[in-house]
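Q: Here you go, input-v5.cif (mmCIF, C-alpha atoms):
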data_query
#
loop_
_atom_site.group_PDB
_atom_site.id
_atom_site.type_symbol
_atom_site.label_atom_id
_atom_site.label_comp_id
_atom_site.auth_asym_id
_atom_site.auth_seq_id
_atom_site.Cartn_x
_atom_site.Cartn_y
_atom_site.Cartn_z
ATOM 1 C CA MET A 125 3.059 48.222 0.240
ATOM 2 C CA ILE A 126 3.801 44.718 1.543
ATOM 3 C CA PRO A 127 7.512 43.802 1.464
ATOM 4 C CA GLY A 128 8.138 41.378 -1.369
ATOM 5 C CA GLY A 129 4.865 42.341 -3.009
ATOM 6 C CA GLY A 130 2.903 39.821 -0.949
ATOM 7 C CA GLN A 131 4.401 36.928 -2.902
ATOM 8 C CA PRO A 132 4.844 33.590 -1.127
ATOM 9 C CA ASN A 133 8.319 32.873 0.155
ATOM 10 C CA MET A 134 9.740 30.527 -2.493
ATOM 11 C CA GLN A 135 12.383 29.150 -0.144
ATOM 12 C CA GLN A 136 9.683 28.249 2.362
ATOM 13 C CA LEU A 137 7.557 26.610 -0.346
ATOM 14 C CA LEU A 138 10.544 24.561 -1.526
ATOM 15 C CA GLN A 139 11.291 23.442 2.036
ATOM 16 C CA GLN A 140 7.666 22.370 2.508
ATOM 17 C CA ALA A 141 7.729 20.448 -0.773
ATOM 18 C CA GLN A 142 10.972 18.706 0.225
ATOM 19 C CA LYS A 143 9.527 17.732 3.597
ATOM 20 C CA MET A 144 6.381 16.349 1.945
ATOM 21 C CA GLN A 145 8.546 14.364 -0.476
ATOM 22 C CA GLN A 146 10.622 12.954 2.403
ATOM 23 C CA ASP A 147 7.481 12.063 4.381
ATOM 24 C CA LEU A 148 6.011 10.351 1.327
ATOM 25 C CA ALA A 149 9.223 8.375 0.696
ATOM 26 C CA ARG A 150 9.322 7.322 4.363
ATOM 27 C CA ALA A 151 5.689 6.185 4.242
ATOM 28 C CA GLN A 152 6.318 4.225 1.029
ATOM 29 C CA GLU A 153 9.303 2.507 2.647
ATOM 30 C CA GLU A 154 7.159 1.615 5.669
ATOM 31 C CA LEU A 155 4.551 0.123 3.330
ATOM 32 C CA ALA A 156 7.185 -1.970 1.567
ATOM 33 C CA ASN A 157 8.274 -3.383 4.943
ATOM 34 C CA THR A 158 4.808 -3.937 6.447
ATOM 35 C CA GLU A 159 3.045 -7.244 5.828
ATOM 36 C CA VAL A 160 -0.722 -7.795 5.758
ATOM 37 C CA ASP A 161 -2.698 -11.020 5.411
ATOM 38 C CA GLY A 162 -5.762 -12.144 3.533
ATOM 39 C CA GLN A 163 -7.665 -15.401 3.918
ATOM 40 C CA ALA A 164 -10.143 -17.534 2.023
ATOM 41 C CA GLY A 165 -12.096 -20.687 2.756
ATOM 42 C CA GLY A 166 -12.309 -19.942 6.448
ATOM 43 C CA GLY A 167 -8.526 -19.783 6.720
ATOM 44 C CA LEU A 168 -7.756 -22.839 4.568
ATOM 45 C CA VAL A 169 -5.701 -20.565 2.323
ATOM 46 C CA SER A 170 -3.950 -17.405 3.459
ATOM 47 C CA ALA A 171 -1.714 -14.975 1.634
ATOM 48 C CA THR A 172 0.719 -12.410 2.970
ATOM 49 C CA VAL A 173 1.560 -9.321 0.936
ATOM 50 C CA THR A 174 3.525 -6.194 1.718
ATOM 51 C CA GLY A 175 1.738 -2.909 2.122
ATOM 52 C CA SER A 176 2.897 -2.109 -1.407
ATOM 53 C CA GLY A 177 1.241 -5.281 -2.774
ATOM 54 C CA GLU A 178 4.183 -7.682 -3.161
ATOM 55 C CA LEU A 179 3.203 -11.316 -2.464
ATOM 56 C CA ARG A 180 5.488 -12.650 0.277
ATOM 57 C CA ALA A 181 3.873 -15.891 1.434
ATOM 58 C CA LEU A 182 1.088 -18.314 0.590
ATOM 59 C CA ARG A 183 -0.107 -20.930 3.071
ATOM 60 C CA ILE A 184 -2.391 -23.795 2.089
ATOM 61 C CA ASP A 185 -3.925 -26.075 4.686
ATOM 62 C CA PRO A 186 -3.590 -29.726 3.561
ATOM 63 C CA LYS A 187 -7.378 -30.069 4.017
ATOM 64 C CA ALA A 188 -7.805 -27.690 1.079
ATOM 65 C CA VAL A 189 -5.893 -29.992 -1.265
ATOM 66 C CA ASP A 190 -8.165 -32.323 -3.234
ATOM 67 C CA PRO A 191 -6.429 -33.770 -6.321
ATOM 68 C CA GLU A 192 -9.857 -34.233 -7.895
ATOM 69 C CA ASP A 193 -10.792 -30.568 -7.425
ATOM 70 C CA THR A 194 -7.841 -28.295 -8.113
ATOM 71 C CA GLU A 195 -10.204 -25.602 -9.404
ATOM 72 C CA THR A 196 -11.558 -24.886 -5.931
ATOM 73 C CA LEU A 197 -8.038 -24.666 -4.531
ATOM 74 C CA ALA A 198 -7.059 -22.237 -7.287
ATOM 75 C CA ASP A 199 -10.147 -20.126 -6.515
ATOM 76 C CA LEU A 200 -9.216 -20.069 -2.821
ATOM 77 C CA VAL A 201 -5.659 -18.975 -3.646
ATOM 78 C CA VAL A 202 -6.916 -16.154 -5.869
ATOM 79 C CA ALA A 203 -9.431 -15.052 -3.218
ATOM 80 C CA ALA A 204 -6.792 -15.040 -0.465
ATOM 81 C CA VAL A 205 -4.376 -12.974 -2.562
ATOM 82 C CA GLN A 206 -7.167 -10.545 -3.489
ATOM 83 C CA ALA A 207 -8.143 -10.178 0.177
ATOM 84 C CA ALA A 208 -4.534 -9.510 1.143
ATOM 85 C CA ASN A 209 -4.192 -6.917 -1.629
ATOM 86 C CA GLU A 210 -7.398 -5.197 -0.497
ATOM 87 C CA ASN A 211 -5.919 -4.993 3.008
ATOM 88 C CA ALA A 212 -2.707 -3.590 1.512
ATOM 89 C CA GLN A 213 -4.688 -0.921 -0.368
ATOM 90 C CA THR A 214 -6.463 0.064 2.840
ATOM 91 C CA LEU A 215 -3.083 0.368 4.540
ATOM 92 C CA GLN A 216 -1.775 2.459 1.626
ATOM 93 C CA GLN A 217 -4.688 4.849 1.925
ATOM 94 C CA GLN A 218 -4.143 5.176 5.666
ATOM 95 C CA LYS A 219 -0.408 5.832 5.312
ATOM 96 C CA LEU A 220 -0.267 7.814 2.077
ATOM 97 C CA GLY A 221 -3.692 9.447 1.880
ATOM 98 C CA PRO A 222 -2.939 12.390 4.166
ATOM 99 C CA LEU A 223 0.429 12.933 2.449
ATOM 100 C CA THR A 224 -0.882 12.814 -1.110
ATOM 101 C CA GLN A 225 -3.813 15.122 -0.347
ATOM 102 C CA GLY A 226 -1.245 17.837 0.198
ATOM 103 C CA LEU A 227 -0.008 17.158 -3.327
ATOM 104 C CA GLY A 228 -3.317 17.913 -5.025
ATOM 105 C CA GLY A 229 -5.261 14.810 -4.041
ATOM 106 C CA GLY A 230 -2.700 12.298 -5.168
ATOM 107 C CA SER A 231 -3.889 12.066 -8.757
ATOM 108 C CA GLY A 232 -1.161 11.890 -11.327
ATOM 109 C CA ILE A 233 1.557 10.648 -8.997
ATOM 110 C CA PRO A 234 3.252 7.693 -10.706
ATOM 111 C CA GLY A 235 3.279 4.461 -8.741
ATOM 112 C CA LEU A 236 0.379 5.330 -6.476
ATOM 113 C CA PRO A 237 -2.905 3.460 -6.915
ATOM 114 C CA PHE A 238 -5.098 6.403 -5.876
#
Represent the structure contained in this file as C-alpha cells.
A:
Amino acid sequence: MIPGGGQPNMQQLLQQAQKMQQDLARAQEELANTEVDGQAGGGLVSATVTGSGELRALRIDPKAVDPEDTETLADLVVAAVQAANENAQTLQQQKLGPLTQGLGGGSGIPGLPF
C-alpha cells in the first residue's frame, strides 16, 4: 500500500496555489505599470493606455483639428484608444495567459478579460 493512500500532498498543493496567486498578482501589477500606445490617422492621434486598459494620455496633432469637421477628429480619437486597448489586451494575454492556464484556462476569474 502507498503511504498516505496515494493522495496528493495537500500542503504541496496549497503552496503551489499560493505561488500561482502571487505570480498572477505580480503580473497584474506589471500590467498596471506598463504603458502601450495606439495610433490613428497615420499618427495624427495617439493614445496611451496601461496594460490593464486605463487611458493615461491622448495626443492630437494640430493638423487633425478642423473646427468644421469635429466628427473625423472624434473618430480618430476613438480609433486610437481602441488600437491602444487592443495592444493592452495582447500584452495581457502574453503576461497572464500562461498563469491563468494553470487555473483552468482563466475562465471565471473576476477582472480578467479572457
Q: Which stretch 131-164 of chain A residues have any atom within 10 Å of an atom of stretch 178-195 of chain A, and for each, what is the nearest pair of atoms with distance in Å to one decimal, counting all atoms listed in the file, rows sorted by chain and number, as JSON lines?
A:
{"residue": "A:Ala156", "atom": "CA", "partner": "A:Glu178", "partner_atom": "CA", "distance": 8.0}
{"residue": "A:Glu159", "atom": "CA", "partner": "A:Arg180", "partner_atom": "CA", "distance": 8.1}
{"residue": "A:Val160", "atom": "CA", "partner": "A:Arg180", "partner_atom": "CA", "distance": 9.6}
{"residue": "A:Asp161", "atom": "CA", "partner": "A:Ala181", "partner_atom": "CA", "distance": 9.1}
{"residue": "A:Gly162", "atom": "CA", "partner": "A:Leu182", "partner_atom": "CA", "distance": 9.7}
{"residue": "A:Gln163", "atom": "CA", "partner": "A:Arg183", "partner_atom": "CA", "distance": 9.4}
{"residue": "A:Ala164", "atom": "CA", "partner": "A:Ile184", "partner_atom": "CA", "distance": 10.0}
Q: Using all atoms listed in the file, which of the listed residues (A:Met144, A:Leu215, A:Leu200, A:Leu137) sits closest to A:Gly165?
A: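 The answer is A:Leu200, which sits nearest to A:Gly165.
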Q: Run the PyMOL selection byres ((chain A and resi 210) around 10) mentally over the shown coordinates, then write out the matched residues as a PyMOL selection string, using the chain letters and numbers from the document.
A: chain A and resi 160-162+173+175+177+204-209+211-216
Q: One decimal, Å: what's the distance from atom CA of A:Gln140 over to atom CA of A:Gly221, could you say?
A: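 Rounded to one decimal, the two atoms are 17.2 Å apart.
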Q: Could you work out an axis-aligned bounding box for all listed atoms of stretch 156-166 of chain A, with 4 Å added on each of the six sides, and give its centre and edge lengths in Å to one decimal, as JSON?
A:
{"center_x": -2.0, "center_y": -11.3, "center_z": 4.0, "size_x": 28.6, "size_y": 26.7, "size_z": 12.9}
Q: Please, what distance in Å, to one decimal, runs between atom CA of A:Ser176 and atom CA of A:Gln152?
A: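 Interatomic distance here is 7.6 Å.
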Q: Atom CA of A:Ala171 and atom CA of A:Ala149, how far apart in Å?
A: 25.8 Å
Q: Given all atoms listed in the file as the basis, pick out the residue of A:Met134, A:Ala151, A:Gln139, A:Gln146 nearest to A:Gln218.
A: A:Ala151
Q: With distances taken over all atoms listed in the file, which residue among A:Gln136, A:Thr158, A:Thr196, A:Arg150 lies nearest A:Thr172?
A: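 When distances to A:Thr172 are compared using all atoms listed in the file, the smallest one comes from A:Thr158.
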Q: Out of A:Asp199, A:Glu153, A:Asn133, A:Leu220, which residue has the shortest atom-to-atom distance to A:Val169 when counting only C-alpha atoms?
A: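 Checking each candidate against A:Val169, we get A:Asp199 as the closest.
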